[in-house]
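K.L.:
Here you go, protein.cif (mmCIF, C-alpha atoms):
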```cif
data_protein
#
loop_
_atom_site.label_atom_id
_atom_site.label_comp_id
_atom_site.auth_asym_id
_atom_site.auth_seq_id
_atom_site.Cartn_x
_atom_site.Cartn_y
_atom_site.Cartn_z
CA MET A 76 120.67 -56.35 -141.28
CA ASN A 77 123.14 -58.87 -142.63
CA ALA A 78 123.29 -60.79 -145.87
CA MET A 79 121.43 -63.78 -144.48
CA VAL A 80 118.39 -61.80 -143.44
CA ASN A 81 118.27 -60.09 -146.82
CA ASP A 82 118.54 -63.31 -148.80
CA MET A 83 114.85 -64.12 -148.90
CA SER A 84 115.20 -67.07 -151.23
CA ALA A 85 117.70 -68.81 -148.95
CA ASN A 86 115.50 -67.99 -145.98
CA GLU A 87 112.39 -69.37 -147.67
CA LYS A 88 114.19 -72.61 -148.54
CA LEU A 89 115.38 -73.03 -144.97
CA LYS A 90 111.89 -72.40 -143.64
CA GLY A 91 110.50 -75.03 -146.02
CA LEU A 92 113.13 -77.53 -144.88
CA GLN A 93 112.42 -76.71 -141.26
CA ALA A 94 108.77 -77.59 -141.77
CA GLU A 95 109.67 -80.83 -143.55
CA LEU A 96 112.09 -81.84 -140.79
CA ALA A 97 109.46 -81.18 -138.13
CA GLU A 98 106.97 -83.26 -140.10
CA ARG A 99 109.48 -86.15 -140.12
CA GLY A 100 109.85 -85.99 -136.34
CA VAL A 101 113.19 -84.16 -136.21
CA VAL A 102 113.43 -81.99 -133.08
CA ASP A 103 117.01 -80.70 -133.27
CA VAL A 104 119.49 -80.07 -136.07
CA LYS A 105 123.12 -79.11 -135.73
CA PHE A 106 126.04 -78.87 -138.14
CA PHE A 107 129.77 -79.21 -138.34
CA PHE A 108 130.85 -75.94 -139.92
CA SER A 109 134.13 -76.01 -141.85
CA LYS A 110 136.72 -73.64 -140.43
CA GLU A 111 137.56 -72.05 -143.75
CA GLY A 112 134.93 -69.35 -143.40
CA ALA A 113 132.08 -68.71 -145.83
CA SER A 114 129.45 -66.07 -146.39
CA PRO A 115 126.07 -66.57 -144.71
CA THR A 116 124.51 -67.13 -148.14
CA LYS A 117 127.03 -69.86 -149.01
CA VAL A 118 126.49 -71.52 -145.61
CA ALA A 119 122.70 -71.38 -146.07
CA SER A 120 123.05 -72.96 -149.51
CA ASP A 121 125.31 -75.75 -148.19
CA VAL A 122 122.96 -76.37 -145.26
CA THR A 123 120.10 -76.71 -147.75
CA ASN A 124 122.06 -79.19 -149.88
CA VAL A 125 123.00 -81.38 -146.91
CA LEU A 126 119.52 -81.42 -145.39
CA GLU A 127 117.86 -82.17 -148.75
CA ALA A 128 120.29 -85.06 -149.34
CA MET A 129 119.54 -86.54 -145.94
CA LEU A 130 115.79 -86.06 -146.29
CA GLN A 131 115.92 -87.81 -149.67
CA ASN A 132 118.13 -90.57 -148.22
CA ARG A 133 120.92 -89.83 -150.65
CA THR A 134 123.29 -91.56 -148.26
CA ARG A 135 125.79 -94.43 -148.12
CA PRO A 136 126.47 -96.87 -145.30
CA PHE A 137 129.07 -95.89 -142.73
CA ASP A 138 131.15 -98.76 -141.40
CA GLY A 139 133.19 -96.95 -138.79
CA VAL A 140 136.34 -94.87 -138.74
CA GLY A 141 138.50 -97.97 -138.26
CA ASP A 142 140.27 -96.69 -135.13
CA SER A 143 138.84 -99.07 -132.52
CA VAL A 144 141.30 -100.28 -129.91
CA ARG A 145 138.89 -102.58 -128.08
CA GLY A 146 139.73 -105.66 -130.09
CA ARG A 147 143.49 -105.26 -130.03
CA MET B 125 133.03 -65.66 -128.09
CA LEU B 126 131.33 -65.92 -124.75
CA PHE B 127 129.37 -68.76 -123.20
CA GLU B 128 127.06 -68.90 -120.24
CA GLU B 129 129.17 -70.12 -117.31
CA GLU B 130 126.58 -72.81 -116.64
CA ASP B 131 126.95 -74.12 -120.21
CA ILE B 132 130.75 -74.25 -120.36
CA THR B 133 130.82 -75.92 -116.93
CA ALA B 134 128.27 -78.52 -118.03
CA CYS B 135 130.27 -79.10 -121.22
CA LEU B 136 133.57 -79.69 -119.42
CA ASP B 137 131.97 -81.84 -116.72
CA LYS B 138 130.31 -84.06 -119.30
CA ALA B 139 133.50 -84.38 -121.37
CA CYS B 140 135.27 -85.45 -118.19
CA ASP B 141 132.56 -88.01 -117.34
CA ILE B 142 132.75 -89.50 -120.82
CA ARG B 143 136.52 -89.70 -120.69
CA GLU B 144 136.28 -91.58 -117.37
CA LEU B 145 133.65 -93.93 -118.79
CA TYR B 146 135.81 -94.58 -121.85
CA GLU B 147 138.91 -95.24 -119.73
CA LEU B 148 136.90 -97.63 -117.55
CA TYR B 149 135.33 -99.73 -120.29
CA VAL B 150 137.67 -99.55 -123.29
CA LEU B 151 140.72 -101.80 -123.20
CA HIS B 152 143.82 -99.55 -123.39
CA GLY B 153 141.39 -96.67 -122.75
CA LYS B 154 144.08 -94.48 -121.23
CA THR B 155 146.23 -94.52 -124.35
CA TYR B 156 146.17 -92.02 -127.20
CA PRO B 157 144.91 -91.49 -129.80
CA LYS B 158 141.46 -92.15 -128.38
CA SER B 159 139.15 -94.14 -130.65
CA VAL B 160 136.01 -92.49 -131.98
CA ASP B 161 134.61 -95.89 -132.97
CA ASP B 162 134.94 -96.88 -129.31
CA LEU B 163 133.31 -93.62 -128.20
CA LEU B 164 130.37 -94.57 -130.42
CA TRP B 165 130.33 -97.99 -128.72
CA ILE B 166 130.27 -96.28 -125.29
CA CYS B 167 127.33 -94.11 -126.41
CA GLN B 168 125.43 -97.16 -127.63
CA GLU B 169 126.33 -99.72 -124.96
CA TYR B 170 126.54 -97.63 -121.80
CA LEU B 171 124.50 -94.51 -122.54
CA LYS B 172 121.91 -96.58 -124.45
CA LYS B 173 121.74 -94.13 -127.32
CA GLN B 174 120.34 -95.27 -130.65
CA ILE B 175 122.51 -93.65 -133.32
CA LEU B 176 122.50 -94.04 -137.11
CA ILE B 177 125.61 -92.72 -138.85
CA GLU B 178 125.67 -92.43 -142.64
CA TYR B 179 127.75 -90.82 -145.34
CA VAL B 180 125.82 -88.10 -147.15
CA ASP B 181 126.32 -88.41 -150.89
CA LEU B 182 127.97 -85.00 -151.21
CA PRO B 183 131.66 -84.05 -151.20
CA ALA B 184 132.99 -82.24 -148.14
CA GLU B 185 135.45 -80.39 -150.32
CA GLY B 186 134.02 -77.02 -151.24
CA SER B 187 131.20 -77.29 -148.69
CA SER B 188 131.04 -75.11 -145.60
CA ILE B 189 129.19 -77.96 -143.86
CA HIS B 190 130.96 -81.24 -143.13
CA ALA B 191 128.25 -83.04 -141.16
CA SER B 192 124.76 -82.73 -139.74
CA TYR B 193 123.28 -84.13 -136.53
CA TRP B 194 119.55 -84.75 -136.06
CA ALA B 195 117.69 -85.65 -132.87
CA MET B 196 114.39 -87.41 -133.45
CA ALA B 197 111.24 -87.01 -131.35
CA GLU B 198 111.17 -90.76 -130.63
CA GLY B 199 114.61 -90.58 -129.01
CA SER B 200 117.01 -91.78 -131.71
CA TYR B 201 119.73 -89.80 -133.50
CA ARG B 202 120.96 -89.51 -137.06
CA ILE B 203 124.38 -88.21 -138.10
CA GLY B 204 125.28 -87.57 -141.74
CA VAL B 205 128.92 -87.02 -142.69
CA LEU B 206 129.96 -85.69 -146.09
CA LEU B 207 132.36 -87.67 -148.25
CA GLY B 208 136.10 -87.21 -148.61
CA LEU B 209 137.21 -86.11 -145.14
CA SER B 210 140.66 -87.28 -144.07
CA GLU B 211 140.76 -89.78 -141.18
CA ASP B 212 141.73 -87.14 -138.61
CA GLN B 213 138.99 -84.79 -139.86
CA LEU B 214 136.46 -87.62 -139.77
CA ARG B 215 137.47 -88.52 -136.20
CA PHE B 216 137.05 -84.95 -134.97
CA VAL B 217 133.81 -84.29 -136.87
CA LEU B 218 132.20 -87.51 -135.62
CA CYS B 219 133.45 -87.01 -132.08
CA LYS B 220 131.88 -83.54 -132.05
CA GLU B 221 128.57 -84.85 -133.41
CA LEU B 222 128.57 -87.65 -130.81
CA PHE B 223 128.90 -85.01 -128.12
CA HIS B 224 125.67 -83.46 -129.44
CA VAL B 225 124.06 -86.84 -128.71
CA ILE B 226 125.64 -86.86 -125.25
CA PHE B 227 124.58 -83.26 -124.52
CA ASP B 228 121.05 -83.60 -125.88
CA GLU B 229 118.42 -81.88 -123.73
CA ALA B 230 115.17 -80.22 -124.75
CA ARG B 231 116.44 -76.73 -123.87
CA ARG B 232 119.47 -77.12 -126.14
CA ARG B 233 117.46 -78.09 -129.19
CA SER B 234 116.51 -75.92 -132.14
CA LEU B 235 114.97 -76.37 -135.55
CA ALA B 236 115.14 -72.67 -136.39
CA LEU B 237 117.52 -73.11 -139.33
CA SER B 238 117.77 -69.51 -140.56
CA GLU B 239 118.38 -68.17 -137.07
CA HIS B 240 120.88 -70.91 -136.31
CA VAL B 241 122.93 -70.26 -139.45
CA GLU B 242 122.73 -66.51 -138.96
CA GLU B 243 123.76 -66.73 -135.33
CA TYR B 244 126.69 -69.01 -136.08
CA THR B 245 127.99 -67.08 -139.07
CA SER B 246 127.61 -63.56 -137.68
CA THR B 247 127.51 -62.69 -134.00
CA PHE B 248 129.04 -65.90 -132.80
CA GLN B 249 132.32 -65.43 -134.64
CA LEU B 250 133.00 -62.13 -132.93
CA ASP B 251 135.12 -62.32 -129.81
CA ASP B 252 132.41 -60.73 -127.71
CA GLY B 253 129.51 -62.39 -129.50
CA GLN B 254 126.94 -63.86 -127.16
CA PRO B 255 125.27 -66.63 -129.07
CA ASN B 256 121.90 -68.07 -128.31
CA CYS B 257 121.90 -71.43 -126.62
CA ALA B 258 121.55 -73.69 -129.68
CA ALA B 259 124.38 -72.00 -131.62
CA ALA B 260 126.61 -71.96 -128.55
CA TRP B 261 126.34 -75.73 -128.32
CA GLU B 262 127.92 -76.06 -131.77
CA THR B 263 131.18 -74.74 -130.34
CA LEU B 264 130.72 -76.31 -126.91
CA ALA B 265 130.52 -79.71 -128.63
CA GLU B 266 133.82 -78.91 -130.38
CA ILE B 267 135.35 -77.99 -127.03
CA ALA B 268 134.14 -81.29 -125.55
CA ALA B 269 135.51 -83.25 -128.52
CA LEU B 270 138.90 -81.65 -128.03
CA GLU B 271 138.81 -82.33 -124.28
CA PHE B 272 138.09 -85.97 -125.04
CA LEU B 273 140.67 -86.44 -127.81
CA PHE B 274 143.43 -84.16 -126.48
CA PRO B 275 142.64 -83.14 -122.89
CA TYR B 276 143.60 -79.85 -121.29
CA GLU B 277 146.41 -81.24 -119.13
CA TYR B 278 148.10 -82.80 -122.17
CA ARG B 279 147.72 -79.58 -124.16
CA ARG B 280 149.08 -77.51 -121.30
CA ALA B 281 152.09 -79.82 -120.97
CA ALA B 282 152.74 -79.71 -124.72
CA ALA B 283 152.53 -75.93 -124.80
CA GLN B 284 154.90 -75.56 -121.83
CA GLY B 285 157.76 -77.54 -123.38
CA ASP B 286 161.03 -75.95 -124.42
CA GLY B 287 161.04 -74.34 -127.84
CA ALA B 288 158.27 -74.04 -130.35
CA VAL B 289 155.27 -76.34 -130.11
CA ASN B 290 155.44 -79.02 -132.79
CA TYR B 291 151.81 -78.90 -133.91
CA ALA B 292 152.31 -81.42 -136.70
CA ARG B 293 153.74 -84.01 -134.32
CA LEU B 294 150.94 -83.44 -131.80
CA ALA B 295 148.33 -83.73 -134.54
CA THR B 296 149.76 -87.13 -135.48
CA MET B 297 150.06 -88.29 -131.85
CA TYR B 298 146.45 -87.46 -131.01
CA GLY B 299 144.94 -88.17 -134.43
CA LEU B 300 143.57 -84.67 -134.87
CA PRO B 301 143.45 -82.03 -137.59
CA ARG B 302 146.31 -79.61 -136.98
CA TYR B 303 143.85 -76.68 -136.84
CA PHE B 304 142.30 -77.97 -133.62
CA VAL B 305 145.71 -78.72 -132.10
CA GLU B 306 146.78 -75.13 -132.73
CA VAL B 307 143.54 -73.71 -131.36
CA GLY B 308 143.62 -76.02 -128.33
CA CYS B 309 147.24 -75.22 -127.48
CA GLY B 310 146.73 -71.47 -127.87
CA GLU B 311 147.30 -69.40 -124.75
CA GLY B 312 143.78 -67.95 -124.78
CA ASN B 313 142.19 -71.38 -125.01
CA LEU B 314 144.39 -72.86 -122.28
CA ASP B 315 143.73 -69.94 -119.91
CA TYR B 316 139.97 -69.98 -120.51
CA ILE B 317 139.54 -73.75 -120.23
CA GLY B 318 142.06 -74.07 -117.40
CA LYS B 319 140.18 -71.59 -115.18
CA ARG B 320 136.90 -73.41 -115.70
CA ILE B 321 138.40 -76.86 -115.22
CA ARG B 322 140.02 -75.77 -111.96
CA ALA B 323 136.74 -74.26 -110.79
CA ALA B 324 134.56 -77.21 -111.79
CA ALA B 325 136.41 -80.10 -111.63
CA HIS B 326 136.91 -83.61 -110.90
CA CYS B 327 139.01 -84.41 -113.99
#
```
Reformat the file's structure so that it appears as structure tokens.
P.N.:
Amino acid sequence: MNAMVNDMSANEKLKGLQAELAERGVVDVKFFFSKEGASPTKVASDVTNVLEAMLQNRTRPFDGVGDSVRGR
Amino acid sequence: MLFEEEDITACLDKACDIRELYELYVLHGKTYPKSVDDLLWICQEYLKKQILIEYVDLPAEGSSIHASYWAMAEGSYRIGVLLGLSEDQLRFVLCKELFHVIFDEARRRSLALSEHVEEYTSTFQLDDGQPNCAAAWETLAEIAALEFLFPYEYRRAAAQGDGAVNYARLATMYGLPRYFVEVGCGEGNLDYIGKRIRAAAHC
């Protein structure tokens, strides 16, 4: 068994978030994982933080990358 | 890491289709660097995808997660990107998340968060790891993003030049993080992708 499976608290939080996402009509979740490498527990904690922020609408408007070439 | 042949073929075919669509509809579409804002426009205008992109009020620095993609039951999509990414990081991250929109199918979906994180952080990072479908699509979307932003034939040509490959120059030319330029120009990547592109392909 690895660290993730043994970390019950992280697992419980993720299960709670999973239920909340399903309740909100979310059917698929994916992530961009940084390439610096992190322990499963750290990744689970960061996943929790990001999902909670999005569920609570702690967000700011995005107005594009600014790399469009269509108008040039 | 290993993928199902059917999945890597579907990934490369779709990346090729999107590149062709982009080159057809975006003015100067054959020039590089490709625009991720214009890829978003293609997804909205031509693929008819409803996509909300937001910044998540959290710093990317220090986080092992830089973005999250959600598909909603009613057919729309939500992408949250953490704050503080450089422009080339932001372009790659968003391009990859847009490919999740493009690839979306019921069989590729998962809400099993614990399993997804566990799969990605353990088995999947081993060379012979055989990830489940949902975790595999995390990396397949990265492969598609690279094929869109810096296609195989350009990487092959860059890697075949005389002398050492100038990764920094290529990263600037294609508007990519250097990490993905180095990975994409690596011999293993070029051999693996090249074989599948030759077997599949119309691009």
K.L.:
Which residues are near B:Glu266? Cut-off 10 Å, only C-alpha atoms, ignore same chain within fewer than 6 positions. Put them as a PyMOL selection string.
P.N.:
(chain A and resi 107) or (chain B and resi 135+216-217+219-221+223-224+272+304)
K.L.:
For chain B, list the residues within 7 Å of chain A, counting only C-alpha atoms, and write the list as a ChimeraX atom specification.
P.N.:
/B:150-151,159-162,177-181,187-197,215,217,233-238,241-242,245,262
K.L.:
Take the residues that were just selected and, keeping C-alpha atoms, output them as a short mmCIF file (atom, residue, chain, number, x, y, z; two decimals), keeping the file's coordinate frame.
P.N.:
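Below you can see selection-v6.cif, which holds the result:
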```cif
data_model
loop_
_atom_site.label_atom_id
_atom_site.label_comp_id
_atom_site.auth_asym_id
_atom_site.auth_seq_id
_atom_site.Cartn_x
_atom_site.Cartn_y
_atom_site.Cartn_z
CA VAL B 150 137.67 -99.55 -123.29
CA LEU B 151 140.72 -101.80 -123.20
CA SER B 159 139.15 -94.14 -130.65
CA VAL B 160 136.01 -92.49 -131.98
CA ASP B 161 134.61 -95.89 -132.97
CA ASP B 162 134.94 -96.88 -129.31
CA ILE B 177 125.61 -92.72 -138.85
CA GLU B 178 125.67 -92.43 -142.64
CA TYR B 179 127.75 -90.82 -145.34
CA VAL B 180 125.82 -88.10 -147.15
CA ASP B 181 126.32 -88.41 -150.89
CA SER B 187 131.20 -77.29 -148.69
CA SER B 188 131.04 -75.11 -145.60
CA ILE B 189 129.19 -77.96 -143.86
CA HIS B 190 130.96 -81.24 -143.13
CA ALA B 191 128.25 -83.04 -141.16
CA SER B 192 124.76 -82.73 -139.74
CA TYR B 193 123.28 -84.13 -136.53
CA TRP B 194 119.55 -84.75 -136.06
CA ALA B 195 117.69 -85.65 -132.87
CA MET B 196 114.39 -87.41 -133.45
CA ALA B 197 111.24 -87.01 -131.35
CA ARG B 215 137.47 -88.52 -136.20
CA VAL B 217 133.81 -84.29 -136.87
CA ARG B 233 117.46 -78.09 -129.19
CA SER B 234 116.51 -75.92 -132.14
CA LEU B 235 114.97 -76.37 -135.55
CA ALA B 236 115.14 -72.67 -136.39
CA LEU B 237 117.52 -73.11 -139.33
CA SER B 238 117.77 -69.51 -140.56
CA VAL B 241 122.93 -70.26 -139.45
CA GLU B 242 122.73 -66.51 -138.96
CA THR B 245 127.99 -67.08 -139.07
CA GLU B 262 127.92 -76.06 -131.77
#
```
K.L.:
To one decimal place in Å, what is the distance between atom CA of B:Arg322 and atom CA of B:Glu128?
P.N.:
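Separation of atom CA of B:Arg322 and atom CA of B:Glu128: 16.8 Å.
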K.L.:
Please write as a list in words the full residue list that the PyMOL selection byres ((chain B and resi 226) around 10) yields on this file.
P.N.:
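This file gives the following for the PyMOL selection byres ((chain B and resi 226) around 10): Cys135, Lys138, Ala139, Ile142, Cys167, Leu171, Lys173, Lys220, Glu221, Leu222, Phe223, His224, Val225, Phe227, Asp228, Glu229 and Ala265 of chain B.
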K.L.:
For a cutoff of 7 Å around the file-coordinate point (136.8, -73.6, -119.2), which residues qualify once you count all atoms listed in the file? I'd like the result as an mmCIF file with C-alpha atoms, keeping the file's coordinate frame.
P.N.:
```cif
data_model
loop_
_atom_site.group_PDB
_atom_site.id
_atom_site.type_symbol
_atom_site.label_atom_id
_atom_site.label_comp_id
_atom_site.auth_asym_id
_atom_site.auth_seq_id
_atom_site.Cartn_x
_atom_site.Cartn_y
_atom_site.Cartn_z
ATOM 1 C CA ILE B 132 130.750 -74.250 -120.360
ATOM 2 C CA THR B 133 130.820 -75.920 -116.930
ATOM 3 C CA LEU B 136 133.570 -79.690 -119.420
ATOM 4 C CA TYR B 316 139.970 -69.980 -120.510
ATOM 5 C CA ILE B 317 139.540 -73.750 -120.230
ATOM 6 C CA GLY B 318 142.060 -74.070 -117.400
ATOM 7 C CA LYS B 319 140.180 -71.590 -115.180
ATOM 8 C CA ARG B 320 136.900 -73.410 -115.700
ATOM 9 C CA ILE B 321 138.400 -76.860 -115.220
#
```
K.L.:
Can you measure atom CA of B:Gly312 to atom CA of B:Ala295 for me? One decimal in Å is fine.
P.N.:
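Going from atom CA of B:Gly312 over to atom CA of B:Ala295, I get 19.1 Å.
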K.L.:
Using only C-alpha atoms and a cutoff of 12 Å, can you tell me which residues are near (154.0, -82.0, -134.4) in the file's coordinates, and write them out as a list in words?
P.N.:
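These residues have at least one counted atom within 12 Å: Ala282, Ala283, Ala288, Val289, Asn290, Tyr291, Ala292, Arg293, Leu294, Ala295, Thr296, Met297, Tyr298, Gly299, Leu300, Pro301, Arg302, Tyr303, Val305, Glu306 and Cys309 of chain B.
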K.L.:
Please report the interatomic distance between atom CA of B:Val205 and atom CA of B:Leu182 in Å with one decimal.
P.N.:
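Pair atom CA of B:Val205 / atom CA of B:Leu182 returns 8.8 Å.
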